[in-house]
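Asker: This one is data37.txt, compact mmCIF, C-alpha atoms and all ligand atoms.
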```
# COMPACT_ATOMS: atom_id res chain seq x y z
CA MET A 1 7.95 -14.25 2.05
CA ASP A 2 11.19 -12.42 1.44
CA VAL A 3 12.02 -10.27 4.47
CA VAL A 4 14.55 -7.49 4.04
CA ILE A 5 15.73 -5.56 7.10
CA ALA A 6 17.25 -2.24 6.08
CA PRO A 7 19.07 0.23 8.35
CA THR A 8 16.67 3.17 7.97
CA GLY A 9 13.37 4.19 6.41
CA VAL A 10 15.27 5.87 3.57
CA ASP A 11 16.91 2.53 2.74
CA VAL A 12 13.50 0.85 2.87
CA GLY A 13 12.26 3.34 0.25
CA ARG A 14 15.31 2.83 -1.94
CA ILE A 15 14.93 -0.96 -1.99
CA ALA A 16 11.21 -0.73 -2.76
CA ALA A 17 11.99 1.80 -5.50
CA ASP A 18 14.54 -0.67 -6.94
CA LEU A 19 11.80 -3.28 -7.30
CA ILE A 20 9.36 -0.87 -8.93
CA THR A 21 12.05 0.53 -11.22
CA ALA A 22 13.01 -2.97 -12.37
CA THR A 23 9.37 -3.81 -13.08
CA VAL A 24 8.84 -0.67 -15.17
CA GLN A 25 12.16 -1.06 -16.98
CA GLY A 26 10.95 -4.54 -17.96
CA SER A 27 7.62 -3.18 -19.18
CA ALA A 28 6.97 0.54 -19.62
CA ASP A 29 3.19 0.14 -19.26
CA ALA A 30 3.37 -2.03 -16.15
CA VAL A 31 0.43 -1.85 -13.76
CA LEU A 32 1.37 -0.49 -10.33
CA GLY A 33 -0.65 -0.77 -7.16
CA ILE A 34 -0.10 2.38 -5.14
CA ALA A 35 -0.69 3.07 -1.46
CA THR A 36 -1.29 6.11 0.72
CA GLY A 37 -0.13 6.75 4.30
CA SER A 38 3.33 7.81 5.44
CA SER A 39 5.07 4.46 4.89
CA PRO A 40 5.42 4.65 1.07
CA LEU A 41 6.56 8.30 1.04
CA GLU A 42 10.30 7.49 0.97
CA THR A 43 9.65 5.11 -1.92
CA TYR A 44 7.84 7.88 -3.81
CA ARG A 45 10.62 10.37 -3.02
CA GLU A 46 13.25 7.99 -4.38
CA LEU A 47 11.18 7.25 -7.50
CA ALA A 48 10.63 10.98 -8.06
CA ARG A 49 14.41 11.52 -7.94
CA ARG A 50 14.97 8.76 -10.47
CA VAL A 51 12.29 10.17 -12.78
CA ALA A 52 13.84 13.66 -12.52
CA ASP A 53 17.28 12.18 -13.28
CA GLY A 54 15.94 10.31 -16.31
CA VAL A 55 16.72 6.88 -14.80
CA VAL A 56 13.15 5.71 -15.28
CA ASP A 57 10.09 7.01 -17.12
CA LEU A 58 6.74 6.30 -15.46
CA SER A 59 4.54 8.17 -17.92
CA ALA A 60 3.11 5.01 -19.52
CA VAL A 61 2.55 3.22 -16.25
CA ARG A 62 -1.02 2.43 -15.24
CA ALA A 63 -1.81 2.62 -11.53
CA PHE A 64 -4.57 1.66 -9.09
CA ALA A 65 -4.80 3.01 -5.56
CA LEU A 66 -5.84 0.73 -2.74
CA ASP A 67 -8.53 2.67 -1.00
CA GLU A 68 -10.49 5.86 -0.34
CA TYR A 69 -12.61 7.36 2.42
CA VAL A 70 -16.37 7.37 1.92
CA GLY A 71 -17.94 10.80 1.79
CA LEU A 72 -14.90 13.02 1.21
CA GLY A 73 -15.16 14.87 -2.08
CA SER A 74 -12.29 14.31 -4.48
CA ASP A 75 -11.10 17.89 -3.77
CA HIS A 76 -10.92 17.42 0.00
CA PRO A 77 -7.17 17.65 0.79
CA GLU A 78 -7.22 14.37 2.74
CA SER A 79 -9.26 12.36 0.26
CA TYR A 80 -6.94 9.72 -1.14
CA ARG A 81 -7.71 11.03 -4.62
CA SER A 82 -6.11 14.35 -3.56
CA VAL A 83 -3.25 12.60 -1.77
CA ILE A 84 -2.48 10.45 -4.82
CA ARG A 85 -2.53 13.53 -7.08
CA ARG A 86 -0.25 15.47 -4.72
CA GLU A 87 2.20 12.79 -3.62
CA VAL A 88 2.26 10.35 -6.49
CA ILE A 89 0.95 11.58 -9.85
CA GLY A 90 2.75 14.95 -9.70
CA PRO A 91 6.17 14.01 -8.31
CA LEU A 92 6.40 10.73 -10.27
CA ARG A 93 5.13 12.38 -13.46
CA LEU A 94 2.48 9.72 -13.97
CA THR A 95 -0.18 10.32 -16.62
CA ALA A 96 -3.26 11.29 -14.59
CA ASP A 97 -5.69 9.51 -16.94
CA LEU A 98 -3.87 6.23 -16.34
CA VAL A 99 -4.24 6.43 -12.54
CA GLN A 100 -7.39 5.25 -10.77
CA THR A 101 -8.45 5.71 -7.14
CA PRO A 102 -11.71 4.23 -5.80
CA ASP A 103 -14.60 6.70 -5.89
CA GLY A 104 -15.69 7.16 -2.28
CA ASP A 105 -18.54 9.51 -3.10
CA ALA A 106 -20.19 7.66 -5.97
CA PRO A 107 -24.01 7.63 -5.72
CA ASP A 108 -23.95 3.82 -5.94
CA LEU A 109 -20.88 2.68 -4.03
CA ASP A 110 -21.41 -1.05 -4.59
CA ALA A 111 -21.58 -0.49 -8.36
CA ALA A 112 -18.44 1.70 -8.17
CA CYS A 113 -16.63 -1.10 -6.29
CA ALA A 114 -17.62 -3.68 -8.91
CA ARG A 115 -16.47 -1.25 -11.65
CA TYR A 116 -13.10 -0.84 -9.92
CA GLU A 117 -12.57 -4.60 -9.84
CA ARG A 118 -13.39 -4.75 -13.57
CA MET A 119 -10.93 -1.95 -14.35
CA ILE A 120 -8.11 -3.79 -12.58
CA ARG A 121 -8.99 -7.00 -14.40
CA ASP A 122 -9.25 -5.25 -17.79
CA ALA A 123 -5.79 -3.73 -17.23
CA GLY A 124 -4.46 -7.30 -16.96
CA GLY A 125 -4.07 -7.24 -13.16
CA VAL A 126 -1.52 -5.50 -10.97
CA ASP A 127 2.14 -6.31 -11.63
CA ILE A 128 3.57 -4.89 -8.44
CA GLN A 129 1.56 -3.70 -5.44
CA LEU A 130 3.09 -1.34 -2.87
CA LEU A 131 1.60 -1.71 0.62
CA GLY A 132 1.92 -0.20 4.08
CA ILE A 133 0.65 -1.87 7.23
CA GLY A 134 -1.63 -0.45 9.90
CA ALA A 135 -0.70 -0.67 13.59
CA ASN A 136 -3.47 -3.29 13.88
CA GLY A 137 -2.14 -5.29 10.92
CA HIS A 138 -4.52 -3.90 8.28
CA ILE A 139 -3.58 -3.69 4.62
CA GLY A 140 -5.39 -1.20 2.42
CA PHE A 141 -8.33 -0.57 4.73
CA ASN A 142 -8.93 -4.27 5.36
CA GLU A 143 -9.34 -4.23 9.10
CA PRO A 144 -8.95 -7.30 11.36
CA LEU A 145 -11.54 -10.02 10.61
CA SER A 146 -11.76 -9.03 6.91
CA SER A 147 -12.14 -12.13 4.77
CA PHE A 148 -9.02 -13.22 2.91
CA SER A 149 -11.23 -13.63 -0.18
CA SER A 150 -12.77 -10.14 0.07
CA ARG A 151 -12.95 -7.93 -3.03
CA THR A 152 -13.26 -4.15 -3.43
CA ARG A 153 -16.08 -3.08 -1.13
CA VAL A 154 -17.38 -0.59 1.39
CA ALA A 155 -15.93 -1.26 4.85
CA THR A 156 -15.99 0.31 8.30
CA LEU A 157 -12.88 1.69 9.98
CA THR A 158 -11.95 0.56 13.48
CA ALA A 159 -11.66 3.11 16.28
CA GLN A 160 -7.87 2.54 16.29
CA THR A 161 -7.49 3.29 12.58
CA ARG A 162 -9.62 6.41 12.91
CA ARG A 163 -7.45 7.56 15.83
CA ASP A 164 -4.23 6.71 13.92
CA ASN A 165 -5.40 8.69 10.89
CA ALA A 166 -6.76 11.63 12.90
CA ARG A 167 -3.33 13.27 12.55
CA PHE A 168 -4.26 14.11 8.96
CA PHE A 169 -7.51 15.84 9.97
CA GLU A 170 -8.41 18.78 12.18
CA SER A 171 -10.14 16.53 14.71
CA LEU A 172 -11.07 12.90 15.24
CA ASP A 173 -14.68 13.78 14.42
CA ASP A 174 -13.60 14.72 10.90
CA VAL A 175 -12.21 11.22 10.14
CA PRO A 176 -14.77 9.29 8.09
CA HIS A 177 -16.15 6.07 9.56
CA GLN A 178 -16.34 4.26 6.26
CA CYS A 179 -14.10 3.59 3.32
CA VAL A 180 -13.92 1.82 -0.01
CA THR A 181 -11.02 -0.61 -0.12
CA GLN A 182 -9.62 -3.23 -2.43
CA GLY A 183 -10.24 -6.56 -0.70
CA ILE A 184 -7.53 -8.88 0.58
CA GLY A 185 -8.42 -11.20 -2.32
CA THR A 186 -7.97 -8.29 -4.75
CA ILE A 187 -4.58 -7.39 -3.26
CA MET A 188 -3.43 -11.03 -3.26
CA ASP A 189 -4.12 -11.23 -7.03
CA ALA A 190 -1.22 -8.83 -7.70
CA ARG A 191 1.77 -10.65 -9.16
CA CYS A 192 4.20 -9.17 -6.64
CA LEU A 193 3.53 -7.56 -3.25
CA VAL A 194 6.00 -5.12 -1.69
CA LEU A 195 5.14 -4.10 1.88
CA VAL A 196 7.16 -1.32 3.48
CA ALA A 197 7.18 -0.39 7.18
CA ASP A 198 9.40 1.69 9.39
CA GLY A 199 9.48 2.85 12.98
CA GLU A 200 8.87 1.31 16.36
CA ARG A 201 5.11 1.94 16.03
CA LYS A 202 4.95 -0.89 13.47
CA ALA A 203 7.15 -3.43 15.32
CA GLU A 204 4.24 -5.42 16.72
CA SER A 205 2.15 -5.65 13.56
CA VAL A 206 5.28 -6.49 11.53
CA ALA A 207 6.12 -9.37 13.90
CA ARG A 208 2.54 -10.67 13.74
CA MET A 209 2.54 -10.46 9.94
CA ILE A 210 5.86 -12.30 9.54
CA GLU A 211 5.95 -14.73 12.45
CA GLY A 212 2.41 -15.02 13.68
CA PRO A 213 -0.13 -17.53 12.44
CA VAL A 214 -1.97 -16.76 9.22
CA THR A 215 -5.13 -15.34 10.71
CA ASP A 216 -7.84 -12.85 9.85
CA THR A 217 -7.09 -11.03 13.11
CA CYS A 218 -3.92 -9.85 11.31
CA PRO A 219 -4.91 -9.17 7.68
CA ALA A 220 -1.27 -8.66 6.62
CA SER A 221 -0.49 -12.26 7.62
CA ALA A 222 -2.21 -13.20 4.33
CA LEU A 223 1.08 -12.19 2.67
CA GLN A 224 2.56 -15.45 3.99
CA LEU A 225 0.35 -17.19 1.41
CA HIS A 226 1.50 -15.07 -1.54
CA PRO A 227 4.05 -16.61 -3.95
CA HIS A 228 5.99 -13.36 -4.39
CA ALA A 229 5.77 -11.10 -1.35
CA VAL A 230 8.67 -8.91 -0.27
CA VAL A 231 8.53 -7.22 3.14
CA ILE A 232 11.01 -4.39 3.63
CA VAL A 233 11.34 -2.98 7.14
CA ASP A 234 13.81 -0.80 8.99
CA GLU A 235 15.63 -1.87 12.16
CA SER A 236 13.03 -0.26 14.46
CA ALA A 237 10.10 -2.00 12.80
CA ALA A 238 12.08 -5.28 12.93
CA ARG A 239 12.92 -4.87 16.61
CA ILE A 240 10.83 -7.70 18.03
CA LEU A 241 11.34 -10.24 15.26
CA THR A 242 12.73 -13.46 16.69
CA PRO A 243 16.53 -13.17 16.26
CA SER A 244 16.97 -16.78 15.12
CA GLN A 245 14.49 -16.14 12.31
CA ARG A 246 16.12 -12.95 11.09
CA TYR A 247 17.65 -13.00 7.67
CA ASP A 248 20.98 -11.46 6.81
CA ARG A 249 20.61 -8.08 5.25
CA ARG A 250 20.12 -8.57 1.57
CA THR A 251 18.59 -6.81 -1.32
CA PRO A 252 16.20 -8.59 -3.64
CA VAL A 253 17.64 -8.66 -7.11
CA SER A 254 14.77 -8.02 -9.44
CA GLY A 255 11.19 -7.00 -9.97
CA VAL A 256 8.64 -9.33 -11.41
CA ALA A 257 8.15 -10.35 -15.01
CA ARG A 258 4.67 -9.90 -16.43
C1 LIG B 301 -3.90 3.85 6.21
C2 LIG B 301 -4.00 3.30 4.78
C3 LIG B 301 -3.16 2.07 4.62
C4 LIG B 301 -1.80 2.34 5.22
C5 LIG B 301 -1.93 2.42 6.71
C6 LIG B 301 -0.62 2.77 7.42
O1 LIG B 301 -5.03 3.70 6.98
N1 LIG B 301 -5.32 3.03 4.33
O2 LIG B 301 -3.07 1.73 3.24
O3 LIG B 301 -0.93 1.28 4.93
O4 LIG B 301 -2.94 3.32 7.07
O5 LIG B 301 -0.39 4.14 7.38
P1 LIG B 301 1.00 4.81 7.68
O6 LIG B 301 1.92 4.36 6.61
O7 LIG B 301 0.74 6.27 7.62
O8 LIG B 301 1.42 4.34 9.03
```
Output the structure of this file as structure tokens.
Ligand code: GLP
Answerer:
Amino acid sequence: MDVVIAPTGVDVGRIAADLITATVQGSADAVLGIATGSSPLETYRELARRVADGVVDLSAVRAFALDEYVGLGSDHPESYRSVIRREVIGPLRLTADLVQTPDGDAPDLDAACARYERMIRDAGGVDIQLLGIGANGHIGFNEPLSSFSSRTRVATLTAQTRRDNARFFESLDDVPHQCVTQGIGTIMDARCLVLVADGERKAESVARMIEGPVTDTCPASALQLHPHAVVIVDESAARILTPSQRYDRRTPVSGVAR
């Protein structure tokens, strides 16, 4: 695991954007794994700037989102399909037809999950997967005790995740109880993982992911088993990392070849 400690959340986004830019410059139709939540927003802002400046063109990129709530229509403003349209497809000038988000209101959710797995496989797999981390160590919506070999499936959100995400809804009661999420096994199949985190709120889960044992009580600790995982955190999120295990500040040099 390559751990990069950056001064601020803006720097975190810039370094993650460097990795994604390098991947797309190496292959214009690279397959990106995209995430929702606040953590990747600086990365998207930086990528949007680069697209606007003509530094990189993302129009041929194919993309797969990690997860979706069950039961929110695709037009609900907080469905991840809406969020991805608003925060990713538009600003990054992606081609909408090349971007997939799990369908959380399909009549047959299990069949939709299996179809999503097939789509990722048929695209040749994910080249570079952007991830955030939940305060309880979840990745995607893989809550503690999710199997490391899990695939895209319907899952139940913990009370903590529902409370954490209530800020996006009018009330806690409006936060769905269930979701569709890529499994930890699905995420681990990506050729490169880039996890971004900033702020004090993430310090504990970041320390457990990096320094704790590999355990299903901290789903993000699975990244310790990945051959090409880069974790980029700001100083606040790195606050309780053991000083003797801290790396010097450094910037990873390249993306990943396909
Ligand atoms: C959400 C998403 C995750 C995200 C996490 C952290 O529940 N499903 O993919 O990483 O929560 O969110 P945030 O970045 O807003 O703290």
Asker: So, with only C-alpha atoms as the atoms that count, which of A:Tyr116, A:Phe64, A:Tyr44, A:Phe148 lies closest to Ser221 in chain A?
Answerer: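 Going through A:Tyr116, A:Phe64, A:Tyr44, A:Phe148 one by one, the smallest distance to Ser221 in chain A is for A:Phe148.
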Asker: Do you have, as CSV, the list of residues of chain A lying at most 9 Å from ligand LIG 301 (chain B), each with its nearest atom pair and that distance in Å to one decimal, counting all atoms listed in the file and ordered by chain then number?
Answerer:
```
residue,atom,partner,partner_atom,distance
A:Ile34,CA,B:LIG301,O2,8.9
A:Ala35,CA,B:LIG301,O2,5.4
A:Thr36,CA,B:LIG301,O2,5.4
A:Gly37,CA,B:LIG301,O7,3.5
A:Ser38,CA,B:LIG301,O7,3.7
A:Ser39,CA,B:LIG301,O6,3.6
A:Pro40,CA,B:LIG301,O6,6.6
A:Leu41,CA,B:LIG301,O6,8.3
A:Leu66,CA,B:LIG301,O2,6.7
A:Asp67,CA,B:LIG301,N1,6.2
A:Glu68,CA,B:LIG301,N1,7.5
A:Tyr69,CA,B:LIG301,N1,8.7
A:Tyr80,CA,B:LIG301,N1,8.8
A:Leu131,CA,B:LIG301,O3,5.8
A:Gly132,CA,B:LIG301,O3,3.3
A:Ile133,CA,B:LIG301,O3,4.2
A:Gly134,CA,B:LIG301,C6,4.2
A:Ala135,CA,B:LIG301,C6,7.1
A:Gly137,CA,B:LIG301,C5,8.8
A:His138,CA,B:LIG301,C5,7.0
A:Ile139,CA,B:LIG301,O2,5.6
A:Gly140,CA,B:LIG301,O2,3.8
A:Phe141,CA,B:LIG301,N1,4.7
A:Asn142,CA,B:LIG301,N1,8.2
A:Leu157,CA,B:LIG301,O1,8.6
A:Thr161,CA,B:LIG301,O1,6.1
A:Arg162,CA,B:LIG301,O1,8.0
A:Asp164,CA,B:LIG301,O1,7.6
A:Asn165,CA,B:LIG301,O1,6.4
A:Cys179,CA,B:LIG301,N1,8.9
A:Thr181,CA,B:LIG301,N1,8.1
A:Leu195,CA,B:LIG301,O3,8.7
A:Val196,CA,B:LIG301,O6,8.3
A:Ala197,CA,B:LIG301,O6,7.1
A:Asp198,CA,B:LIG301,O6,8.4
A:Arg201,CA,B:LIG301,O8,8.3
A:Lys202,CA,B:LIG301,O8,7.7
```
Asker: Rounded to one decimal, what separation in Å do you get between CA of Val99 in chain A and CA of Val55 in chain A?
Answerer: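 A separation of 21.1 Å between them.
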Asker: If you measure from CA of Ile232 in chain A to CA of Ile5 in chain A, what distance in Å do you get, rounded to one decimal?
Answerer: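 It comes out at 6.0 Å.
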Asker: May I have the residues within 9 Å of Gly124 in chain A as an mmCIF file with C-alpha atoms, in the frame of the given file, using only C-alpha atoms and disregarding those fewer than 4 positions away in the same chain?
Answerer:
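Saved as part_0.cif:
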```cif
data_model
loop_
_atom_site.group_PDB
_atom_site.id
_atom_site.type_symbol
_atom_site.label_atom_id
_atom_site.label_comp_id
_atom_site.auth_asym_id
_atom_site.auth_seq_id
_atom_site.Cartn_x
_atom_site.Cartn_y
_atom_site.Cartn_z
ATOM 1 C CA VAL A 31 0.430 -1.850 -13.760
ATOM 2 C CA MET A 119 -10.930 -1.950 -14.350
ATOM 3 C CA ILE A 120 -8.110 -3.790 -12.580
#
```
Asker: Between A:Val194, A:Asp2, A:Asp75, A:Ala65, which one has atoms that come closest to Ala17 in chain A, using all atoms listed in the file?
Answerer: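 That would be A:Val194, the residue with the smallest distance to Ala17 in chain A.
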Asker: CA of Leu58 in chain A and CA of Ile89 in chain A are how many Å apart?
Answerer: 9.6 Å
Asker: Nearest to Cys192 in chain A: which of A:Gly33, A:Gly90, A:Gly104, A:Gly54 is it, counting only C-alpha atoms?
Answerer: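 Looking at the shortest contact to Cys192 in chain A, the residue is A:Gly33.
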Asker: Can you pull out the residues contacting Thr217 in chain A? Cut-off 10 Å, using only C-alpha atoms, and skip same-chain residues under 3 positions away; I want them as a PyMOL selection string.
Answerer: chain A and resi 136-138+143-147+208+213-214+220-221
Asker: So, with all atoms listed in the file as the atoms that count, which of A:Leu92, A:Leu19, A:Leu241, A:Ala111 lies closest to Ala52 in chain A?
Answerer: A:Leu92
Asker: Starting from the incomplete input, reconstruct all heavy atoms of range 111-122 of chain A and write that as a compact mmCIF listing (two decimals), in the frame of the given file.
Answerer:
```txt
# COMPACT_ATOMS: atom_id res chain seq x y z
N ALA A 111 -21.83 -0.42 -6.91
CA ALA A 111 -21.58 -0.49 -8.36
C ALA A 111 -20.18 0.07 -8.66
O ALA A 111 -19.45 -0.47 -9.51
CB ALA A 111 -22.64 0.31 -9.11
N ALA A 112 -19.78 1.12 -7.94
CA ALA A 112 -18.44 1.70 -8.17
C ALA A 112 -17.36 0.69 -7.79
O ALA A 112 -16.32 0.59 -8.44
CB ALA A 112 -18.28 2.99 -7.37
N CYS A 113 -17.61 -0.08 -6.72
CA CYS A 113 -16.63 -1.10 -6.29
C CYS A 113 -16.50 -2.19 -7.36
O CYS A 113 -15.39 -2.62 -7.70
CB CYS A 113 -17.05 -1.73 -4.97
SG CYS A 113 -16.97 -0.59 -3.58
N ALA A 114 -17.64 -2.63 -7.89
CA ALA A 114 -17.62 -3.68 -8.91
C ALA A 114 -16.89 -3.17 -10.16
O ALA A 114 -16.12 -3.89 -10.81
CB ALA A 114 -19.04 -4.10 -9.25
N ARG A 115 -17.12 -1.86 -10.49
CA ARG A 115 -16.47 -1.25 -11.65
C ARG A 115 -14.96 -1.20 -11.44
O ARG A 115 -14.17 -1.46 -12.34
CB ARG A 115 -17.02 0.16 -11.84
CG ARG A 115 -17.04 0.64 -13.25
CD ARG A 115 -17.94 1.83 -13.51
NE ARG A 115 -17.89 2.87 -12.49
CZ ARG A 115 -18.94 3.27 -11.78
NH1 ARG A 115 -20.12 2.72 -11.97
NH2 ARG A 115 -18.82 4.23 -10.88
N TYR A 116 -14.54 -0.92 -10.23
CA TYR A 116 -13.10 -0.84 -9.92
C TYR A 116 -12.43 -2.21 -10.12
O TYR A 116 -11.36 -2.31 -10.71
CB TYR A 116 -12.92 -0.36 -8.48
CG TYR A 116 -11.58 0.30 -8.22
CD1 TYR A 116 -11.26 1.51 -8.82
CD2 TYR A 116 -10.63 -0.30 -7.40
CE1 TYR A 116 -10.03 2.12 -8.59
CE2 TYR A 116 -9.41 0.30 -7.17
CZ TYR A 116 -9.11 1.52 -7.76
OH TYR A 116 -7.88 2.11 -7.54
N GLU A 117 -13.10 -3.24 -9.64
CA GLU A 117 -12.57 -4.60 -9.84
C GLU A 117 -12.42 -4.90 -11.34
O GLU A 117 -11.42 -5.47 -11.78
CB GLU A 117 -13.53 -5.64 -9.23
CG GLU A 117 -13.48 -5.71 -7.73
CD GLU A 117 -12.31 -6.55 -7.21
OE1 GLU A 117 -11.89 -7.48 -7.89
OE2 GLU A 117 -11.83 -6.23 -6.10
N ARG A 118 -13.43 -4.49 -12.12
CA ARG A 118 -13.39 -4.75 -13.57
C ARG A 118 -12.24 -4.00 -14.22
O ARG A 118 -11.55 -4.51 -15.09
CB ARG A 118 -14.71 -4.33 -14.24
CG ARG A 118 -15.75 -5.44 -14.27
CD ARG A 118 -16.85 -5.14 -15.30
NE ARG A 118 -17.47 -3.83 -15.13
CZ ARG A 118 -18.46 -3.56 -14.27
NH1 ARG A 118 -18.94 -4.53 -13.49
NH2 ARG A 118 -18.98 -2.36 -14.19
N MET A 119 -12.02 -2.74 -13.75
CA MET A 119 -10.93 -1.95 -14.35
C MET A 119 -9.57 -2.61 -14.10
O MET A 119 -8.72 -2.64 -14.98
CB MET A 119 -10.93 -0.52 -13.77
CG MET A 119 -12.00 0.35 -14.38
SD MET A 119 -11.73 2.10 -13.98
CE MET A 119 -12.18 2.13 -12.27
N ILE A 120 -9.39 -3.12 -12.90
CA ILE A 120 -8.11 -3.79 -12.58
C ILE A 120 -7.96 -5.03 -13.47
O ILE A 120 -6.90 -5.27 -14.05
CB ILE A 120 -8.03 -4.17 -11.08
CG1 ILE A 120 -8.06 -2.91 -10.21
CG2 ILE A 120 -6.78 -4.99 -10.81
CD1 ILE A 120 -8.14 -3.18 -8.70
N ARG A 121 -9.05 -5.77 -13.58
CA ARG A 121 -8.99 -7.00 -14.40
C ARG A 121 -8.72 -6.66 -15.86
O ARG A 121 -7.87 -7.26 -16.51
CB ARG A 121 -10.31 -7.76 -14.26
CG ARG A 121 -10.17 -9.24 -14.52
CD ARG A 121 -11.45 -10.01 -14.37
NE ARG A 121 -12.59 -9.38 -15.04
CZ ARG A 121 -13.73 -9.08 -14.43
NH1 ARG A 121 -13.89 -9.33 -13.14
NH2 ARG A 121 -14.73 -8.53 -15.11
N ASP A 122 -9.42 -5.63 -16.38
CA ASP A 122 -9.25 -5.25 -17.79
C ASP A 122 -7.84 -4.73 -18.07
O ASP A 122 -7.38 -4.77 -19.22
CB ASP A 122 -10.29 -4.19 -18.20
CG ASP A 122 -11.70 -4.78 -18.21
OD1 ASP A 122 -11.83 -6.03 -18.13
OD2 ASP A 122 -12.67 -4.00 -18.28
```
